[in-house]
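**Q** Next comes coords.cif, mmCIF, C-alpha atoms and all ligand atoms:
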```cif
data_protein
loop_
_atom_site.label_atom_id
_atom_site.label_comp_id
_atom_site.auth_asym_id
_atom_site.auth_seq_id
_atom_site.Cartn_x
_atom_site.Cartn_y
_atom_site.Cartn_z
CA MET E 11 97.69 40.85 51.28
CA GLN E 12 94.60 42.92 51.89
CA LYS E 13 94.17 45.53 49.17
CA ARG E 14 94.15 49.08 50.45
CA ASP E 15 91.32 51.47 49.77
CA TYR E 16 91.96 53.56 46.68
CA TYR E 17 90.90 56.80 48.35
CA GLU E 18 93.17 56.03 51.26
CA ILE E 19 96.09 55.34 48.92
CA LEU E 20 95.77 58.74 47.29
CA GLY E 21 94.92 60.40 50.62
CA VAL E 22 91.71 61.99 49.39
CA ALA E 23 88.12 62.01 50.67
CA LYS E 24 85.43 59.88 49.04
CA THR E 25 83.82 63.11 47.87
CA ALA E 26 87.01 64.43 46.25
CA SER E 27 86.64 66.13 42.86
CA ALA E 28 88.34 64.85 39.73
CA ALA E 29 90.83 67.72 39.97
CA ASP E 30 91.66 66.83 43.60
CA ILE E 31 92.25 63.21 42.65
CA LYS E 32 94.52 64.20 39.81
CA ALA E 33 96.49 66.58 42.01
CA ALA E 34 96.85 63.94 44.70
CA TYR E 35 98.06 61.35 42.21
CA ARG E 36 100.51 63.78 40.68
CA LYS E 37 102.01 64.46 44.10
CA MET E 38 102.39 60.73 44.85
CA ALA E 39 103.74 60.00 41.41
CA LEU E 40 106.37 62.70 41.78
CA GLN E 41 107.37 61.34 45.15
CA TYR E 42 107.63 57.69 44.13
CA HIS E 43 108.61 58.13 40.48
CA PRO E 44 111.15 55.43 39.59
CA ASP E 45 113.48 58.01 38.09
CA ARG E 46 113.77 59.56 41.54
CA ASN E 47 113.97 56.25 43.33
CA PRO E 48 116.12 53.96 41.25
CA ASN E 49 116.31 50.39 42.52
CA ASN E 50 113.89 51.16 45.30
CA LYS E 51 111.37 48.31 45.32
CA GLU E 52 109.16 49.90 47.94
CA ALA E 53 108.88 53.17 46.05
CA GLU E 54 108.10 51.24 42.89
CA GLU E 55 105.28 49.39 44.66
CA LYS E 56 103.86 52.64 46.00
CA PHE E 57 104.10 54.18 42.55
CA LYS E 58 102.20 51.25 41.06
CA GLU E 59 99.64 51.25 43.83
CA ALA E 60 98.93 54.96 43.41
CA SER E 61 98.71 54.55 39.64
CA GLU E 62 96.23 51.72 40.00
CA ALA E 63 94.10 53.80 42.36
CA TYR E 64 94.25 56.70 39.97
CA GLU E 65 93.35 54.49 37.04
CA VAL E 66 90.06 53.64 38.73
CA LEU E 67 89.22 56.93 40.42
CA SER E 68 89.99 59.08 37.41
CA ASP E 69 87.45 57.19 35.33
CA GLU E 70 83.89 58.11 36.17
CA ASP E 71 82.43 54.67 35.38
CA LYS E 72 85.13 52.76 37.19
CA ARG E 73 84.94 55.08 40.17
CA GLN E 74 81.18 54.54 40.45
CA LYS E 75 81.66 50.80 40.27
CA TYR E 76 84.36 50.96 42.91
CA ASP E 77 82.20 53.12 45.19
CA GLN E 78 79.43 50.54 44.92
CA PHE E 79 81.31 47.25 45.08
CA GLY E 80 84.80 48.09 46.30
CA HIS E 81 87.64 45.93 45.00
CA ALA E 82 85.14 43.16 44.34
CA GLY E 83 83.82 45.31 41.50
CA PHE E 84 86.93 44.39 39.58
CA SER E 85 87.03 40.66 38.97
CA HIS E 86 90.13 38.45 39.01
CA GLY E 87 90.81 39.85 42.47
CA GLY E 88 93.53 42.02 41.02
CA GLY E 89 93.93 45.45 39.57
CA PRO E 90 91.62 46.92 37.01
CA GLN E 91 93.81 45.64 34.19
CA GLY E 92 93.37 41.99 35.14
CA GLY E 93 95.70 39.78 37.14
CA PRO E 94 97.30 40.67 40.46
CA GLY E 95 99.74 43.49 40.34
CA GLY E 96 97.58 45.46 37.93
CA MET E 97 99.40 47.67 35.52
CA ASP E 98 103.03 47.39 34.65
CA MET E 99 105.31 50.41 34.33
CA ASP E 100 104.81 50.72 30.61
CA ASP E 101 101.04 50.92 31.04
CA ILE E 102 101.47 53.62 33.62
CA PHE E 103 103.71 55.76 31.45
CA ARG E 104 101.53 55.20 28.45
CA ASN E 105 98.32 56.11 30.26
CA PHE E 106 99.39 58.82 32.66
CA GLY E 107 102.78 59.92 31.38
CA ASP E 108 101.47 63.37 30.57
CA ILE E 109 100.57 64.01 34.20
CA PHE E 110 104.16 63.96 35.36
CA GLY E 111 105.77 64.29 31.98
CA SER E 112 106.82 67.86 32.65
CA MET E 113 108.87 66.69 35.62
CA PHE E 114 112.07 65.84 33.80
CA GLY E 115 111.62 65.94 30.12
CA GLY E 116 109.57 69.07 29.52
CA GLY E 117 106.43 67.13 28.75
CA GLN E 118 108.11 65.01 26.12
CA GLN E 119 107.41 61.40 25.46
CA ARG E 120 109.52 59.07 27.51
CA PRO E 121 112.31 57.59 25.39
CA THR E 122 111.76 53.97 24.51
CA GLY E 123 115.20 53.09 23.17
CA LYS E 124 114.25 53.56 19.55
CA PRO E 125 113.22 56.51 17.38
CA GLN E 126 109.59 57.45 17.79
CA PRO E 127 107.60 58.39 14.70
CA LYS E 128 106.50 62.01 14.81
CA ARG E 129 104.10 63.79 12.53
CA GLY E 130 105.63 66.41 10.26
CA HIS E 131 104.78 70.09 10.67
CA ASP E 132 101.94 71.71 8.83
CA LEU E 133 103.09 74.43 6.48
CA TYR E 134 101.45 77.81 5.90
CA LYS E 135 101.57 79.95 2.83
CA GLU E 136 99.83 83.12 1.82
CA LEU E 137 98.85 83.48 -1.79
CA GLU E 138 97.78 86.67 -3.50
CA ILE E 139 95.45 86.37 -6.47
CA SER E 140 93.48 88.87 -8.52
CA LEU E 141 89.74 89.36 -8.19
CA LYS E 142 89.46 87.99 -11.72
CA ASP E 143 91.20 84.76 -10.67
CA ALA E 144 88.82 84.50 -7.74
CA TYR E 145 85.95 84.98 -10.19
CA ILE E 146 86.96 82.41 -12.79
CA GLY E 147 89.19 80.12 -10.71
CA THR E 148 92.85 79.54 -11.44
CA LYS E 149 95.84 77.26 -11.13
CA VAL E 150 98.89 78.49 -9.29
CA ASP E 151 102.33 76.92 -9.58
CA LEU E 152 103.98 76.54 -6.20
CA ASN E 153 107.57 75.73 -5.41
CA LEU E 154 107.97 75.01 -1.72
CA TYR E 155 111.11 73.98 0.09
CA HIS E 156 110.30 71.46 2.79
CA PHE E 157 111.05 68.09 4.33
CA PHE E 158 110.60 64.80 2.49
CA THR E 159 111.09 61.28 3.78
CA CYS E 160 114.65 60.28 2.88
CA ASP E 161 114.60 58.06 -0.21
CA THR E 162 117.88 56.36 0.59
CA CYS E 163 116.82 54.90 3.96
CA SER E 164 113.04 55.14 3.51
CA GLY E 165 112.83 57.22 6.67
CA LYS E 166 114.71 54.81 8.94
CA GLY E 167 117.75 57.07 9.36
CA THR E 168 120.16 54.15 9.25
CA LYS E 169 122.72 53.12 6.64
CA GLN E 170 121.60 50.11 4.65
CA GLY E 171 122.16 46.86 6.55
CA THR E 172 122.59 48.57 9.92
CA SER E 173 120.09 49.35 12.62
CA VAL E 174 119.31 51.65 15.52
CA LYS E 175 120.85 50.70 18.87
CA THR E 176 119.27 51.18 22.26
CA CYS E 177 121.66 53.35 24.25
CA GLY E 178 123.84 51.19 26.49
CA GLU E 179 124.61 54.05 28.85
CA CYS E 180 121.04 54.77 29.96
CA GLY E 181 119.38 51.55 28.86
CA GLY E 182 117.06 53.48 26.57
CA SER E 183 115.52 55.75 29.19
CA GLY E 184 117.45 58.78 27.97
CA GLN E 185 118.42 59.63 31.53
CA THR E 186 121.28 58.88 33.86
CA HIS E 187 121.26 59.49 37.59
CA ILE E 188 123.80 61.13 39.82
CA GLN E 189 123.88 60.83 43.55
CA GLN E 190 124.75 64.01 45.39
CA GLY E 191 124.52 63.73 49.15
CA PHE E 192 121.02 62.60 49.93
CA PHE E 193 119.67 63.58 46.58
CA MET E 194 119.43 61.69 43.40
CA TYR E 195 119.39 63.78 40.26
CA ALA E 196 118.28 62.69 36.85
CA GLN E 197 120.06 64.20 33.90
CA SER E 198 119.84 63.79 30.20
CA CYS E 199 122.07 60.95 29.01
CA ARG E 200 125.18 62.33 27.33
CA THR E 201 125.82 59.35 25.12
CA CYS E 202 122.46 59.51 23.36
CA ARG E 203 121.63 63.15 24.21
CA GLY E 204 118.50 62.00 25.99
CA GLN E 205 117.09 60.14 23.03
CA GLY E 206 117.49 56.66 24.47
CA TYR E 207 119.05 55.33 21.27
CA THR E 208 121.98 55.88 18.97
CA ILE E 209 122.41 55.40 15.25
CA PRO E 210 125.90 53.93 14.90
CA SER E 211 125.88 54.16 11.07
CA PRO E 212 123.61 56.96 9.98
CA CYS E 213 122.19 57.08 6.50
CA PRO E 214 124.60 59.23 4.47
CA SER E 215 121.81 61.07 2.64
CA CYS E 216 119.86 62.34 5.63
CA ASN E 217 122.57 62.09 8.28
CA GLY E 218 120.29 59.86 10.34
CA GLN E 219 117.50 62.45 10.41
CA SER E 220 115.18 60.28 8.28
CA ARG E 221 114.24 63.29 6.16
CA THR E 222 115.85 65.65 3.69
CA GLN E 223 114.74 69.04 2.40
CA LYS E 224 114.09 69.79 -1.21
CA TYR E 225 111.89 71.83 -3.50
CA ASP E 226 108.40 70.59 -4.20
CA LYS E 227 106.91 71.88 -7.44
CA PHE E 228 103.23 71.39 -7.97
CA SER E 229 100.23 73.29 -9.15
CA LEU E 230 97.36 74.18 -6.90
CA THR E 231 93.84 74.60 -8.19
CA ILE E 232 92.04 77.60 -6.74
CA PRO E 233 88.30 77.07 -7.16
CA LYS E 234 86.20 79.83 -8.69
CA GLY E 235 84.28 81.77 -6.08
CA ILE E 236 87.13 81.61 -3.55
CA PHE E 237 86.80 84.44 -1.06
CA GLN E 238 89.18 86.73 0.77
CA ASN E 239 91.08 85.02 3.63
CA ALA E 240 89.83 81.55 2.66
CA GLU E 241 92.17 78.80 3.79
CA LEU E 242 92.77 75.85 1.50
CA ARG E 243 94.06 72.69 3.10
CA VAL E 244 96.28 70.57 0.90
CA THR E 245 96.55 67.20 2.58
CA GLY E 246 100.01 65.64 2.72
CA LYS E 247 101.86 68.65 1.30
CA GLY E 248 103.44 69.68 4.60
CA ASP E 249 106.68 68.39 6.09
CA ALA E 250 107.24 64.65 6.03
CA GLY E 251 107.06 62.97 9.43
CA ILE E 252 110.15 61.91 11.36
CA TYR E 253 111.01 58.20 11.44
CA GLY E 254 107.90 57.13 9.62
CA GLY E 255 105.48 59.61 11.21
CA SER E 256 102.64 60.93 9.06
CA THR E 257 103.10 63.92 6.78
CA GLY E 258 101.76 67.34 7.74
CA ASP E 259 99.40 69.39 5.61
CA LEU E 260 99.81 72.61 3.71
CA PHE E 261 97.47 75.50 4.46
CA VAL E 262 97.16 78.17 1.81
CA LYS E 263 95.55 81.43 2.81
CA ILE E 264 94.07 83.40 -0.04
CA SER E 265 94.47 87.13 -0.25
CA ILE E 266 92.65 88.91 -3.08
CA THR E 267 94.06 92.07 -4.62
CA PRO E 268 91.37 94.76 -4.95
CA ASP E 269 90.24 95.48 -8.50
CA LYS E 270 89.94 98.99 -9.92
CA LYS E 271 86.51 98.49 -11.50
CA PHE E 272 84.83 95.63 -9.71
CA LYS E 273 84.28 94.65 -6.13
CA ARG E 274 82.74 91.69 -4.42
CA VAL E 275 79.76 91.98 -2.06
CA ASN E 276 78.87 88.54 -0.71
CA ASP E 277 78.51 86.56 -3.93
CA ASP E 278 77.63 89.55 -6.09
CA LEU E 279 79.97 91.20 -8.53
CA VAL E 280 79.40 94.94 -8.22
CA CYS E 281 80.49 97.78 -10.52
CA ASN E 282 79.62 101.36 -11.39
CA LEU E 283 78.24 102.28 -14.80
CA MET E 284 78.79 105.85 -15.99
CA LEU E 285 76.00 107.19 -18.19
CA ALA E 286 75.13 110.56 -19.75
CA TYR E 287 72.07 112.37 -18.45
CA PRO E 288 70.00 111.75 -21.61
CA GLN E 289 70.72 108.01 -21.36
CA LEU E 290 69.28 107.97 -17.85
CA VAL E 291 66.24 109.99 -18.88
CA LEU E 292 65.46 108.16 -22.10
CA GLY E 293 66.64 104.73 -21.10
CA CYS E 294 69.15 102.72 -23.18
CA GLU E 295 70.84 99.42 -23.75
CA VAL E 296 74.58 99.13 -23.20
CA GLU E 297 77.07 96.33 -23.21
CA ILE E 298 79.61 96.06 -20.42
CA GLU E 299 82.74 93.95 -20.19
CA SER E 300 82.68 91.76 -17.12
CA LEU E 301 85.70 90.65 -15.06
CA ASP E 302 86.33 87.62 -17.26
CA GLY E 303 86.09 89.67 -20.46
CA THR E 304 82.64 88.48 -21.50
CA LYS E 305 80.25 91.09 -22.86
CA ILE E 306 77.06 91.44 -20.88
CA PRO E 307 74.07 93.47 -22.15
CA VAL E 308 72.55 95.77 -19.55
CA LYS E 309 69.22 97.51 -19.96
CA VAL E 310 68.91 100.93 -18.36
CA PRO E 311 65.20 101.69 -17.89
CA LYS E 312 63.61 104.98 -18.84
CA GLY E 313 63.85 107.61 -16.11
CA CYS E 314 66.60 105.76 -14.27
CA ALA E 315 67.93 107.51 -11.16
CA VAL E 316 71.61 107.81 -10.26
CA GLY E 317 72.62 105.06 -7.83
CA GLU E 318 70.03 102.63 -9.15
CA GLU E 319 71.09 98.98 -8.85
CA LEU E 320 70.55 97.09 -12.08
CA VAL E 321 70.73 93.35 -11.44
CA VAL E 322 71.89 90.80 -13.99
CA PRO E 323 71.04 87.44 -12.37
CA GLY E 324 73.58 84.61 -12.24
CA LYS E 325 76.56 86.64 -13.45
CA GLY E 326 78.20 87.05 -10.06
CA PHE E 327 80.62 84.81 -8.16
CA ALA E 328 80.14 81.07 -8.03
CA LYS E 329 79.13 79.87 -4.60
CA LEU E 330 81.74 77.36 -3.44
CA LYS E 331 80.71 73.73 -3.83
CA SER E 332 77.47 74.53 -5.65
CA ASN E 333 76.20 75.51 -9.07
CA VAL E 334 74.50 78.61 -7.78
CA ARG E 335 75.97 81.96 -8.65
CA GLY E 336 75.48 85.45 -7.29
CA ASN E 337 74.42 88.38 -9.47
CA LEU E 338 76.11 91.12 -11.38
CA VAL E 339 74.98 94.38 -9.83
CA VAL E 340 75.48 97.49 -11.94
CA ILE E 341 75.11 100.83 -10.14
CA THR E 342 74.21 103.76 -12.35
CA GLN E 343 76.21 106.98 -12.24
CA CYS E 344 75.74 110.19 -14.18
CA HIS E 345 78.63 111.70 -16.04
CA VAL E 346 78.63 115.49 -15.65
CA PRO E 347 81.01 117.11 -18.16
CA LYS E 348 83.27 119.90 -16.88
CA LYS E 349 83.23 121.65 -20.24
CA ILE E 350 80.80 121.65 -23.15
CA ASP E 351 80.86 123.50 -26.45
CA ALA E 352 78.72 126.53 -27.29
CA GLU E 353 76.14 124.58 -29.28
CA ALA E 354 75.57 122.10 -26.47
CA LYS E 355 75.40 124.91 -23.96
CA LYS E 356 72.65 126.62 -25.98
CA LEU E 357 70.62 123.44 -26.23
CA LEU E 358 71.02 122.63 -22.59
CA SER E 359 69.92 126.14 -21.52
CA ALA E 360 66.89 125.89 -23.78
CA TYR E 361 66.11 122.50 -22.29
CA SER E 362 66.40 123.93 -18.79
CA ASP E 363 64.02 126.77 -19.66
CA LEU E 364 61.62 124.17 -20.98
CA ILE E 365 61.50 122.00 -17.89
CA GLY E 366 61.61 124.97 -15.51
CA ASN E 367 61.47 124.00 -11.86
CA ASP E 368 60.63 120.35 -12.53
CA ALA E 369 63.71 118.95 -10.82
CA LYS E 370 61.92 118.78 -7.48
CA ASP E 371 61.02 115.64 -5.65
CA GLU E 372 59.57 114.73 -2.31
CA GLY E 373 62.08 114.45 0.49
CA THR E 374 64.55 116.96 -0.98
CA ILE E 375 64.90 120.63 -0.13
CA SER E 376 63.21 123.18 -2.43
CA TRP E 377 65.03 125.94 -4.25
CA LEU E 378 64.28 129.04 -6.23
CA PHE E 379 66.16 129.31 -9.52
CA LYS E 380 68.22 132.50 -9.89
CA LYS E 381 70.59 132.25 -12.88
CA PHE E 382 73.10 130.10 -14.75
CA LEU E 383 76.79 130.71 -14.15
CA ARG E 384 78.22 131.50 -17.56
ZN ZN E 401 121.55 57.12 26.62
ZN ZN E 402 118.27 58.61 4.99
#
```
Let's see the structure in the file written out as structure tokens.

**A**
Amino acid sequence: MQKRDYYEILGVAKTASAADIKAAYRKMALQYHPDRNPNNKEAEEKFKEASEAYEVLSDEDKRQKYDQFGHAGFSHGGGPQGGPGGMDMDDIFRNFGDIFGSMFGGGQQRPTGKPQPKRGHDLYKELEISLKDAYIGTKVDLNLYHFFTCDTCSGKGTKQGTSVKTCGECGGSGQTHIQQGFFMYAQSCRTCRGQGYTIPSPCPSCNGQSRTQKYDKFSLTIPKGIFQNAELRVTGKGDAGIYGGSTGDLFVKISITPDKKFKRVNDDLVCNLMLAYPQLVLGCEVEIESLDGTKIPVKVPKGCAVGEELVVPGKGFAKLKSNVRGNLVVITQCHVPKKIDAEAKKLLSAYSDLIGNDAKDEGTISWLFKKFLR
């Protein structure tokens, strides 16, 4: 039999876009889908023919080859898959199932008569740590309740010595058909609830589900330098897969509680240092206690202004995955007492008289001294 032109089969022009070709195939596939035309040989042939055409025209390379050489471009004289007849039904569902998957089963995989492995869900957890823990790194004990592959049946879901059975009612397709007047309806098989298989003797531990839930206790290392909203991925600590599917991952989102004394700016550790006026004027050396409790000497230079940033290199946060560290940045503040004793007041007034109007600087407004408030 003379092979029909692929464009003609799908009813599209030679210049049709990829989207047009897909839409045309979807329409044909819906019309001739075997679930809608059970035991209809002609519909099945049309379905296969359209699928073969789509297989070629949906692939840019194959389409180009077909445009140039026609059917001769595909050796063996048959379909693109080899011998005459091209693809079989399984190929079609495997390759293009998603195109018409939403038709009956809500986009689900077509049942195959046995349980299909499915990857387990990823799990999400938010973890609050202190700024200190972010600075030095920490270990957190977690206790998460989630799915594990059933030990008793090793994830098969069946009682020892028994096996899964392909559903006899629907032959594994998960669907049965009812004729109503001219129309044929597909409905989910009641015997297997659309799964295409049954488990006559389920594993007693997991009830045939292949997994059980339990607590998982483990400790998680939080690297030093971890930043706010960082997400740690812990491979294989999510839910176990179903029927031998791979295990999901655990994602831990880090939330850092603000600290009263320190804050983080990029990789720098920043804090305020309260000093008395004479310390700023004369300069001094002080020792401050950092976030991790270590004592760090800080040198305040002579004539230091308020708001000056004194930098201690390498005492900030560790940069993730490197040996480099940010700095400790100490911002000077001046402590102004609300009350002082008579002796101090006398000295301070005398000092003020001595320096007179010296407290002027460029860029600030000028003033004329009137009197002290006593
Ligand atoms: Zn069934
Ligand atoms: Zn089990």

**Q** Ranking E:Ala82, E:Cys199, E:Val321, E:Leu292 by minimum distance to ligand ZN 401 (chain E) and counting only C-alpha atoms and all ligand atoms, which one comes first?

**A** E:Cys199

**Q** With ligand ZN 402 (chain E) as the partner and 6 Å as the cut-off, tabulate the residues of chain E that qualify, each row holding the nearest pair of atoms and their distance in Å to one decimal, using all atoms listed in the file, sorted by chain and rising number, as CSV.

**A**
```
residue,atom,partner,partner_atom,distance
E:Cys160,CA,E:ZN402,ZN,4.5
E:Thr162,CA,E:ZN402,ZN,5.0
E:Cys163,CA,E:ZN402,ZN,4.1
E:Gly165,CA,E:ZN402,ZN,5.9
E:Gly167,CA,E:ZN402,ZN,4.7
E:Cys213,CA,E:ZN402,ZN,4.5
E:Ser215,CA,E:ZN402,ZN,4.9
E:Cys216,CA,E:ZN402,ZN,4.1
E:Gly218,CA,E:ZN402,ZN,5.9
E:Ser220,CA,E:ZN402,ZN,4.8
```

**Q** Could you list, as a PDB file with C-alpha atoms, in the frame of the given file, all residues that come within 12 Å of ligand ZN 401 (chain E)? Count all atoms listed in the file.

**A**
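Written out: part_28.pdb:
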```
ATOM      1  CA  PRO E 121     112.310  57.590  25.390  1.00  0.00           C
ATOM      2  CA  THR E 122     111.760  53.970  24.510  1.00  0.00           C
ATOM      3  CA  GLY E 123     115.200  53.090  23.170  1.00  0.00           C
ATOM      4  CA  LYS E 124     114.250  53.560  19.550  1.00  0.00           C
ATOM      5  CA  LYS E 175     120.850  50.700  18.870  1.00  0.00           C
ATOM      6  CA  THR E 176     119.270  51.180  22.260  1.00  0.00           C
ATOM      7  CA  CYS E 177     121.660  53.350  24.250  1.00  0.00           C
ATOM      8  CA  GLY E 178     123.840  51.190  26.490  1.00  0.00           C
ATOM      9  CA  GLU E 179     124.610  54.050  28.850  1.00  0.00           C
ATOM     10  CA  CYS E 180     121.040  54.770  29.960  1.00  0.00           C
ATOM     11  CA  GLY E 181     119.380  51.550  28.860  1.00  0.00           C
ATOM     12  CA  GLY E 182     117.060  53.480  26.570  1.00  0.00           C
ATOM     13  CA  SER E 183     115.520  55.750  29.190  1.00  0.00           C
ATOM     14  CA  GLY E 184     117.450  58.780  27.970  1.00  0.00           C
ATOM     15  CA  GLN E 185     118.420  59.630  31.530  1.00  0.00           C
ATOM     16  CA  THR E 186     121.280  58.880  33.860  1.00  0.00           C
ATOM     17  CA  HIS E 187     121.260  59.490  37.590  1.00  0.00           C
ATOM     18  CA  GLN E 197     120.060  64.200  33.900  1.00  0.00           C
ATOM     19  CA  SER E 198     119.840  63.790  30.200  1.00  0.00           C
ATOM     20  CA  CYS E 199     122.070  60.950  29.010  1.00  0.00           C
ATOM     21  CA  ARG E 200     125.180  62.330  27.330  1.00  0.00           C
ATOM     22  CA  THR E 201     125.820  59.350  25.120  1.00  0.00           C
ATOM     23  CA  CYS E 202     122.460  59.510  23.360  1.00  0.00           C
ATOM     24  CA  ARG E 203     121.630  63.150  24.210  1.00  0.00           C
ATOM     25  CA  GLY E 204     118.500  62.000  25.990  1.00  0.00           C
ATOM     26  CA  GLN E 205     117.090  60.140  23.030  1.00  0.00           C
ATOM     27  CA  GLY E 206     117.490  56.660  24.470  1.00  0.00           C
ATOM     28  CA  TYR E 207     119.050  55.330  21.270  1.00  0.00           C
ATOM     29  CA  THR E 208     121.980  55.880  18.970  1.00  0.00           C
ATOM     30  CA  ILE E 209     122.410  55.400  15.250  1.00  0.00           C
TER      31      ILE E 209
END
```

**Q** Determine the nearest neighbour of E:Ser256 from the options E:Val150, E:Phe158, E:Glu62, E:His43, counting only C-alpha atoms.

**A**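 That would be E:Phe158, the residue with the smallest distance to E:Ser256.
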
**Q** Quick one: distance from atom CA of E:Ile266 to atom CA of E:Ile236 in Å, one decimal?

**A**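 Atom CA of E:Ile236 lies at a distance of 9.2 Å from atom CA of E:Ile266.
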
**Q** Excluding same-chain residues fewer than 4 positions from E:Tyr287, what lies within 8 Å of it counting only C-alpha atoms, as a list in words?

**A**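 The filter keeps Val291, Cys344, His345 and Val346 of chain E.
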
**Q** Which residues of stretch 199-277 of chain E come within 9 Å of stretch 328-335 of chain E, and for each one, what is the closest pair of atoms and their distance in Å to one decimal, counting all atoms listed in the file, sorted by chain and residue number, as CSV?

**A**
```
residue,atom,partner,partner_atom,distance
E:Pro233,CA,E:Leu330,CA,7.5
E:Lys234,CA,E:Ala328,CA,6.2
E:Gly235,CA,E:Ala328,CA,4.6
E:Ile236,CA,E:Leu330,CA,6.9
E:Asp277,CA,E:Lys329,CA,6.8
```

**Q** Ranking E:Leu378, E:Val308, E:Leu283, E:Ile298 by minimum distance to E:Thr342 and counting only C-alpha atoms, which one comes first?

**A**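 Looking only at the distances to E:Thr342, the closest residue turns out to be E:Leu283.
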
**Q** Have a look at atom CA of E:Leu290 and atom CA of E:Glu353 and let me know their distance in Å, one decimal.

**A**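 According to the coordinates, atom CA of E:Leu290 and atom CA of E:Glu353 are separated by 21.3 Å.
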
**Q** Please determine, counting all atoms listed in the file, which residue among E:Lys247, E:His81, E:Lys51, E:Lys56 has the shortest atom-to-atom distance to E:Asp259.

**A**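 Result for the nearest residue to E:Asp259: E:Lys247.
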
**Q** Between E:Glu136, E:Leu279, E:Glu52, E:Pro44, which one has atoms that come closest to E:Met99, using only C-alpha atoms?

**A**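 Using only C-alpha atoms, E:Met99 sits closest to E:Pro44.
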
**Q** I'd like to know which of E:Ile341, E:Val275, E:Met194, E:Leu67 is closest to E:Thr25, using all atoms listed in the file.

**A**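 Ranking E:Ile341, E:Val275, E:Met194, E:Leu67 by distance to E:Thr25, first place goes to E:Leu67.
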
**Q** Can you tell me how far atom CA of E:Gln343 sits from atom CA of E:Ser265, in Å to one decimal?

**A**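 Between these atoms lies a distance of 29.5 Å.
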
**Q** For a cut-off of 9 Å around (99.6, 65.3, 12.3), file coordinates, pick out all residues using only C-alpha atoms and list them as a list in words.

**A** Lys128, Arg129, Gly130, His131, Asp132, Gly251, Gly255, Ser256, Thr257, Gly258 and Asp259 of chain E

**Q** Return the padded bounding box of stretch 191-207 of chain E as JSON: axis-aligned, built from all atoms listed in the file, 3 Å added on each side, with centre and edge lengths in Å to one decimal.

**A**
```
{"center_x": 121.5, "center_y": 59.8, "center_z": 35.6, "size_x": 14.7, "size_y": 14.9, "size_z": 34.7}
```

**Q** Using only C-alpha atoms, which residues sit within 9 Å of E:Leu242 once same-chain residues fewer than 5 positions away are excluded, as a ChimeraX atom specification?

**A** /E:232,260-264
